[in-house]
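Pasting work21.txt here (compact mmCIF, C-alpha atoms and all ligand atoms):
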```
# COMPACT_ATOMS: atom_id res chain seq x y z
CA MET T 14 -11.25 -13.12 -11.47
CA LYS T 15 -13.93 -14.66 -9.31
CA PHE T 16 -14.68 -13.78 -5.67
CA ASP T 17 -16.50 -16.47 -3.69
CA VAL T 18 -17.71 -15.03 -0.39
CA MET T 19 -18.75 -17.32 2.44
CA THR T 20 -21.21 -15.39 4.60
CA LEU T 21 -24.36 -15.79 6.66
CA PHE T 22 -25.49 -12.41 5.26
CA PRO T 23 -25.14 -12.57 1.46
CA GLU T 24 -27.28 -9.43 0.99
CA MET T 25 -24.61 -7.33 2.68
CA ILE T 26 -22.14 -8.36 -0.02
CA GLU T 27 -24.63 -8.10 -2.89
CA ASP T 28 -25.89 -4.65 -1.86
CA TYR T 29 -22.45 -3.07 -1.80
CA CYS T 30 -21.55 -4.63 -5.13
CA SER T 31 -24.64 -3.23 -6.85
CA HIS T 32 -23.46 0.39 -6.85
CA SER T 33 -21.04 2.69 -8.64
CA ILE T 34 -17.76 1.34 -10.03
CA MET T 35 -18.33 -2.12 -8.52
CA LYS T 36 -21.66 -2.47 -10.37
CA ARG T 37 -20.22 -1.22 -13.65
CA ALA T 38 -17.34 -3.72 -13.49
CA LEU T 39 -19.70 -6.61 -12.64
CA ASP T 40 -22.04 -5.63 -15.51
CA ASN T 41 -19.00 -5.61 -17.82
CA GLU T 42 -17.95 -9.04 -16.50
CA ILE T 43 -14.50 -7.78 -15.47
CA PHE T 44 -14.84 -9.99 -12.38
CA SER T 45 -17.67 -11.82 -10.59
CA VAL T 46 -18.89 -12.02 -7.00
CA ASN T 47 -20.65 -15.13 -5.78
CA THR T 48 -21.93 -15.80 -2.24
CA ILE T 49 -22.12 -19.09 -0.34
CA ASN T 50 -24.23 -19.25 2.81
CA PRO T 51 -23.09 -21.87 5.36
CA ARG T 52 -26.67 -21.92 6.65
CA ASP T 53 -27.60 -23.77 3.44
CA TYR T 54 -25.26 -26.57 4.54
CA THR T 55 -26.75 -27.17 8.00
CA LEU T 56 -28.20 -30.62 8.62
CA ASP T 57 -30.76 -29.87 11.36
CA LYS T 58 -34.27 -28.52 10.88
CA HIS T 59 -33.51 -25.24 12.67
CA ARG T 60 -30.62 -24.53 10.27
CA LYS T 61 -28.37 -23.75 13.21
CA VAL T 62 -24.93 -22.32 12.39
CA ASP T 63 -23.65 -21.35 15.85
CA ASP T 64 -23.54 -22.68 19.39
CA THR T 65 -22.26 -21.75 22.86
CA PRO T 66 -18.51 -22.02 23.51
CA TYR T 67 -17.05 -25.04 25.32
CA GLY T 68 -15.40 -23.78 28.51
CA GLY T 69 -17.98 -21.04 28.86
CA GLY T 70 -17.79 -17.37 28.06
CA ALA T 71 -19.80 -14.82 26.16
CA GLY T 72 -21.25 -15.09 22.69
CA MET T 73 -21.74 -17.75 20.11
CA VAL T 74 -19.20 -19.65 18.03
CA LEU T 75 -19.65 -20.64 14.38
CA MET T 76 -19.94 -24.41 14.14
CA ALA T 77 -17.42 -26.28 12.03
CA GLN T 78 -19.72 -28.61 10.07
CA PRO T 79 -21.82 -26.08 8.09
CA TYR T 80 -18.81 -23.92 7.39
CA VAL T 81 -16.48 -26.72 6.28
CA ASP T 82 -19.17 -28.40 4.16
CA ALA T 83 -19.96 -25.05 2.51
CA TYR T 84 -16.26 -24.50 1.81
CA GLU T 85 -15.85 -27.93 0.29
CA ALA T 86 -18.82 -27.28 -2.00
CA VAL T 87 -17.12 -24.24 -3.55
CA GLN T 88 -15.80 -25.09 -7.03
CA LYS T 89 -12.06 -24.41 -6.94
CA VAL T 90 -9.98 -23.39 -9.91
CA GLU T 91 -6.22 -23.98 -10.18
CA SER T 92 -5.17 -20.45 -9.31
CA SER T 93 -7.13 -20.03 -6.09
CA VAL T 94 -6.46 -18.48 -2.68
CA THR T 95 -8.58 -18.79 0.46
CA ILE T 96 -8.68 -15.94 2.94
CA MET T 97 -10.27 -15.69 6.37
CA LEU T 98 -11.04 -12.13 7.44
CA SER T 99 -10.06 -11.86 11.08
CA PRO T 100 -8.39 -9.44 13.49
CA GLN T 101 -5.72 -12.13 13.97
CA GLY T 102 -4.54 -11.93 10.36
CA GLU T 103 -1.69 -10.04 8.73
CA PRO T 104 -2.67 -6.40 8.20
CA LEU T 105 -3.88 -5.72 4.65
CA ASN T 106 -1.76 -3.39 2.53
CA ASP T 107 -1.18 -2.46 -1.10
CA ASN T 108 1.43 -5.23 -1.62
CA ILE T 109 -1.00 -7.94 -0.49
CA VAL T 110 -3.74 -6.39 -2.64
CA ASN T 111 -1.47 -6.59 -5.71
CA GLU T 112 -0.54 -10.16 -4.89
CA LEU T 113 -4.21 -11.22 -4.57
CA ALA T 114 -5.14 -9.51 -7.83
CA LYS T 115 -3.06 -12.14 -9.69
CA PHE T 116 -5.28 -15.08 -8.65
CA GLU T 117 -8.14 -16.39 -10.77
CA GLN T 118 -10.25 -17.08 -7.66
CA VAL T 119 -10.32 -15.48 -4.21
CA ILE T 120 -12.44 -17.31 -1.61
CA LEU T 121 -13.31 -15.12 1.37
CA MET T 122 -14.45 -16.51 4.72
CA CYS T 123 -16.56 -14.10 6.80
CA GLY T 124 -17.25 -14.84 10.43
CA HIS T 125 -19.87 -13.46 12.78
CA TYR T 126 -20.63 -13.48 16.52
CA GLU T 127 -17.56 -14.45 18.58
CA GLY T 128 -15.84 -16.12 15.66
CA PHE T 129 -14.99 -19.52 14.19
CA ASP T 130 -14.69 -22.93 15.82
CA GLU T 131 -10.92 -23.42 15.68
CA ARG T 132 -11.33 -26.61 13.63
CA ILE T 133 -12.51 -24.49 10.70
CA ARG T 134 -8.98 -23.01 10.62
CA ASP T 135 -7.37 -26.42 11.24
CA ILE T 136 -9.14 -28.00 8.27
CA ILE T 137 -9.31 -25.18 5.71
CA LYS T 138 -5.93 -23.55 6.59
CA PRO T 139 -6.83 -20.18 5.11
CA ARG T 140 -4.50 -17.22 4.86
CA GLU T 141 -5.73 -14.81 7.55
CA ILE T 142 -6.03 -11.12 6.78
CA SER T 143 -7.01 -8.23 9.06
CA LEU T 144 -8.04 -4.69 8.26
CA GLY T 145 -6.44 -3.35 11.42
CA ASP T 146 -6.39 -3.56 15.19
CA PHE T 147 -10.09 -3.22 15.91
CA VAL T 148 -13.00 -5.64 16.28
CA LEU T 149 -16.17 -5.73 14.18
CA THR T 150 -19.38 -7.72 14.53
CA GLY T 151 -18.72 -9.53 11.26
CA GLY T 152 -16.19 -10.15 8.52
CA GLU T 153 -18.42 -8.80 5.74
CA LEU T 154 -17.09 -5.24 5.77
CA PRO T 155 -13.46 -6.40 5.70
CA ALA T 156 -14.34 -8.82 2.87
CA LEU T 157 -15.93 -5.97 0.91
CA CYS T 158 -12.92 -3.75 1.54
CA LEU T 159 -10.69 -6.48 0.18
CA ILE T 160 -12.91 -7.10 -2.87
CA ASP T 161 -13.03 -3.37 -3.57
CA ALA T 162 -9.26 -2.91 -3.22
CA VAL T 163 -8.36 -6.00 -5.26
CA SER T 164 -10.93 -5.45 -8.00
CA ARG T 165 -9.69 -1.95 -8.77
CA LYS T 166 -6.29 -3.41 -9.60
CA ILE T 167 -7.86 -5.60 -12.28
CA GLU T 168 -7.59 -4.29 -15.82
CA GLY T 169 -10.97 -2.87 -16.86
CA THR T 170 -12.50 -2.13 -13.46
CA LEU T 171 -11.49 1.49 -13.40
CA GLY T 172 -12.20 3.69 -16.38
CA LYS T 173 -9.32 5.47 -18.08
CA ILE T 174 -9.97 8.58 -15.99
CA GLU T 175 -9.93 6.63 -12.71
CA SER T 176 -6.51 5.00 -13.23
CA ALA T 177 -4.92 3.29 -10.21
CA ASP T 178 -1.38 4.35 -11.20
CA GLU T 179 -1.60 7.66 -9.39
CA ASP T 180 -3.12 6.31 -6.17
CA SER T 181 -1.59 6.74 -2.80
CA PHE T 182 0.84 3.84 -2.21
CA SER T 183 1.39 3.05 -5.90
CA ASN T 184 4.64 5.01 -5.48
CA GLY T 185 4.78 4.54 -1.70
CA LEU T 186 3.66 8.09 -0.98
CA LEU T 187 0.39 9.74 -0.01
CA GLU T 188 -1.51 11.53 -2.75
CA TYR T 189 -1.01 15.18 -3.64
CA PRO T 190 -3.94 17.58 -3.05
CA HIS T 191 -6.72 17.66 -5.66
CA TYR T 192 -8.77 20.65 -6.82
CA THR T 193 -11.74 21.12 -9.13
CA LYS T 194 -13.99 24.05 -10.11
CA PRO T 195 -14.39 26.80 -9.05
CA ARG T 196 -10.97 28.47 -9.13
CA GLU T 197 -11.77 30.26 -5.90
CA TYR T 198 -14.01 29.05 -3.05
CA ARG T 199 -14.53 30.99 0.20
CA GLY T 200 -11.40 32.96 -0.49
CA LEU T 201 -9.30 29.82 -1.07
CA ALA T 202 -7.68 29.80 -4.51
CA VAL T 203 -6.49 26.80 -6.51
CA PRO T 204 -2.65 26.90 -6.66
CA GLU T 205 -1.60 28.94 -9.71
CA VAL T 206 0.75 26.25 -11.02
CA LEU T 207 -2.20 23.90 -11.72
CA LEU T 208 -3.77 26.48 -14.05
CA ASN T 209 -0.81 27.22 -16.33
CA GLY T 210 -0.79 23.96 -18.34
CA ASN T 211 2.95 23.35 -17.80
CA HIS T 212 2.95 19.63 -17.08
CA LYS T 213 6.57 19.44 -16.00
CA GLU T 214 5.90 22.13 -13.36
CA ILE T 215 2.62 20.48 -12.36
CA ASN T 216 4.33 17.11 -11.82
CA GLU T 217 7.09 18.74 -9.77
CA PHE T 218 4.50 20.57 -7.64
CA ARG T 219 2.53 17.37 -7.05
CA LEU T 220 5.59 15.32 -6.10
CA GLN T 221 6.67 18.10 -3.73
CA LYS T 222 3.22 18.10 -2.07
CA SER T 223 3.17 14.29 -1.88
CA LEU T 224 6.54 14.30 -0.14
CA GLU T 225 5.54 17.12 2.25
CA ARG T 226 2.35 15.50 3.44
CA THR T 227 3.81 11.98 3.62
CA LYS T 228 6.64 13.29 5.82
CA LEU T 229 4.09 15.08 8.03
CA LYS T 230 1.25 12.53 8.21
CA ARG T 231 3.07 9.22 7.72
CA PRO T 232 6.73 9.52 8.72
CA ASP T 233 7.00 5.70 8.56
CA LEU T 234 6.08 5.69 4.85
CA TYR T 235 8.34 8.66 4.19
CA GLU T 236 11.37 6.86 5.65
CA LYS T 237 10.61 3.77 3.57
CA TRP T 238 10.33 5.89 0.43
CA ARG T 239 13.63 7.68 1.21
CA LYS T 240 15.49 4.40 1.61
CA ILE T 241 14.06 2.97 -1.62
CA SER T 242 14.72 6.05 -3.75
CA SER T 243 18.25 6.76 -2.55
C1 LIG T 301 -12.34 -7.20 12.88
C2 LIG T 301 -11.76 -7.58 11.71
C3 LIG T 301 -12.28 -8.71 11.06
C4 LIG T 301 -13.85 -8.97 12.76
C5 LIG T 301 -10.60 -6.82 11.17
C6 LIG T 301 -15.04 -13.23 13.39
C7 LIG T 301 -16.31 -12.79 14.05
C8 LIG T 301 -14.28 -12.00 13.01
C9 LIG T 301 -16.48 -11.34 13.75
C10 LIG T 301 -15.34 -10.91 12.91
N1 LIG T 301 -13.37 -7.89 13.40
N2 LIG T 301 -13.33 -9.38 11.59
N3 LIG T 301 -11.79 -9.15 9.88
N4 LIG T 301 -10.02 -5.92 11.96
N5 LIG T 301 -14.86 -9.65 13.35
O1 LIG T 301 -10.22 -7.02 10.03
```

Could I get this file's structure written as structure tokens?
Ligand code: 4GT
Amino acid sequence: MKFDVMTLFPEMIEDYCSHSIMKRALDNEIFSVNTINPRDYTLDKHRKVDDTPYGGGAGMVLMAQPYVDAYEAVQKVESSVTIMLSPQGEPLNDNIVNELAKFEQVILMCGHYEGFDERIRDIIKPREISLGDFVLTGGELPALCLIDAVSRKIEGTLGKIESADEDSFSNGLLEYPHYTKPREYRGLAVPEVLLNGNHKEINEFRLQKSLERTKLKRPDLYEKWRKISS
């Protein structure tokens, strides 16, 4: 798997990817992250990537030429998907993450300022994905969220002990509560059942807790789960 990230701020992508599990997976060549800066494809001496909007209004708009030329310079492989991070996209979820994890190449288009000249969409026709109904100053954080979520579905990114099988959403429910040492902290004890080594009982307890908290915190997910498992 290869992530190609189009961004005016490549360091933002590189910095995040140089820590923790992301860094370990990159060192082990489980996947790769490459950045493409549209500024490198400008044709004027000021390396200008944005301009004022036709029709007036606040902010700057990303110009089509540097962005489209940068996109066309990205080496595509056969199994490739192009995604624009934008509040106008379909909301990201675990199903989309699983779907994206099957591609050999994911090209991510990050915007900045007020957004993209519409002709960038017209020409590239990316799939648009949003992280939710809020606005950010740039698409880099959403791109990193997507890279993080997709990469941990790839065999080898997580260690054995960090398995993705037990995550929230892998079974459509929120996760059960976790505890570690000590057995008692500020008068709060770890539930007895987790200490007795009976794995059948432990699994039953965890499923019960998952159901309880999903019903309470995410009734929408709970209803979906009920319909599927009945
Ligand atoms: C929010 C999201 C996103 C932005 C989101 C183009 C200029 C878009 C800035 C960018 N804001 N991108 N992907 N909710 N802002 O996912």

Quick one: contact table of chain T to ligand LIG 301 (chain T), 8 Å max, nearest atom pair and distance in Å to one decimal per residue, counting only C-alpha atoms and all ligand atoms, chain and number order, as JSON lines?
```
{"residue": "T:Met97", "atom": "CA", "partner": "T:LIG301", "partner_atom": "N3", "distance": 7.6}
{"residue": "T:Leu98", "atom": "CA", "partner": "T:LIG301", "partner_atom": "N3", "distance": 3.9}
{"residue": "T:Ser99", "atom": "CA", "partner": "T:LIG301", "partner_atom": "N3", "distance": 3.4}
{"residue": "T:Pro100", "atom": "CA", "partner": "T:LIG301", "partner_atom": "C5", "distance": 4.1}
{"residue": "T:Gln101", "atom": "CA", "partner": "T:LIG301", "partner_atom": "C5", "distance": 7.7}
{"residue": "T:Gly102", "atom": "CA", "partner": "T:LIG301", "partner_atom": "O1", "distance": 7.5}
{"residue": "T:Pro104", "atom": "CA", "partner": "T:LIG301", "partner_atom": "O1", "distance": 7.8}
{"residue": "T:Cys123", "atom": "CA", "partner": "T:LIG301", "partner_atom": "C6", "distance": 6.8}
{"residue": "T:Gly124", "atom": "CA", "partner": "T:LIG301", "partner_atom": "C6", "distance": 4.0}
{"residue": "T:His125", "atom": "CA", "partner": "T:LIG301", "partner_atom": "C7", "distance": 3.8}
{"residue": "T:Tyr126", "atom": "CA", "partner": "T:LIG301", "partner_atom": "C7", "distance": 5.0}
{"residue": "T:Glu127", "atom": "CA", "partner": "T:LIG301", "partner_atom": "C7", "distance": 5.0}
{"residue": "T:Gly128", "atom": "CA", "partner": "T:LIG301", "partner_atom": "C7", "distance": 3.7}
{"residue": "T:Phe129", "atom": "CA", "partner": "T:LIG301", "partner_atom": "C6", "distance": 6.3}
{"residue": "T:Ile142", "atom": "CA", "partner": "T:LIG301", "partner_atom": "O1", "distance": 6.7}
{"residue": "T:Ser143", "atom": "CA", "partner": "T:LIG301", "partner_atom": "O1", "distance": 3.6}
{"residue": "T:Leu144", "atom": "CA", "partner": "T:LIG301", "partner_atom": "O1", "distance": 3.6}
{"residue": "T:Gly145", "atom": "CA", "partner": "T:LIG301", "partner_atom": "N4", "distance": 4.4}
{"residue": "T:Asp146", "atom": "CA", "partner": "T:LIG301", "partner_atom": "N4", "distance": 5.4}
{"residue": "T:Phe147", "atom": "CA", "partner": "T:LIG301", "partner_atom": "N4", "distance": 4.8}
{"residue": "T:Val148", "atom": "CA", "partner": "T:LIG301", "partner_atom": "N1", "distance": 3.7}
{"residue": "T:Leu149", "atom": "CA", "partner": "T:LIG301", "partner_atom": "N1", "distance": 3.6}
{"residue": "T:Thr150", "atom": "CA", "partner": "T:LIG301", "partner_atom": "C9", "distance": 4.7}
{"residue": "T:Gly151", "atom": "CA", "partner": "T:LIG301", "partner_atom": "C9", "distance": 3.8}
{"residue": "T:Gly152", "atom": "CA", "partner": "T:LIG301", "partner_atom": "N2", "distance": 4.3}
{"residue": "T:Glu153", "atom": "CA", "partner": "T:LIG301", "partner_atom": "N2", "distance": 7.8}
{"residue": "T:Leu154", "atom": "CA", "partner": "T:LIG301", "partner_atom": "N3", "distance": 7.8}
{"residue": "T:Pro155", "atom": "CA", "partner": "T:LIG301", "partner_atom": "N3", "distance": 5.3}
{"residue": "T:Ala156", "atom": "CA", "partner": "T:LIG301", "partner_atom": "N3", "distance": 7.5}
```

Between T:Glu141, T:Glu217, T:Asp64, T:Asp40, which one has atoms that come closest to Ile109 of chain T, using only C-alpha atoms?
->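 Once distances to Ile109 of chain T are computed over only C-alpha atoms, the minimum belongs to T:Glu141.
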
Out of T:Ser242, T:Ser176, T:Gln88, T:Thr227, which residue has the shortest atom-to-atom distance to Glu188 of chain T when counting only C-alpha atoms?
->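 Nearest candidate to Glu188 of chain T out of T:Ser242, T:Ser176, T:Gln88, T:Thr227: T:Thr227.
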
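Here atom CA of Val203 of chain T stands at a distance of 27.1 Å from atom CA of Leu234 of chain T.
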
So which residues touch Thr95 of chain T within 8 Å, counting only C-alpha atoms, skipping near sequence neighbours fewer than 2 positions away, as a ChimeraX atom specification?
-> /T:93,97,119-122,139-140

Pick out the closest residue to Ile215 of chain T from this set: T:Gly72, T:Pro23, T:Pro190, T:Pro66. Count only C-alpha atoms.
->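 Of all the options, T:Pro190 lies closest to Ile215 of chain T.
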
For Asp130 of chain T, the closest of T:Gly200, T:Pro79, T:Gly210, T:Gly172 counting only C-alpha atoms is T:Pro79
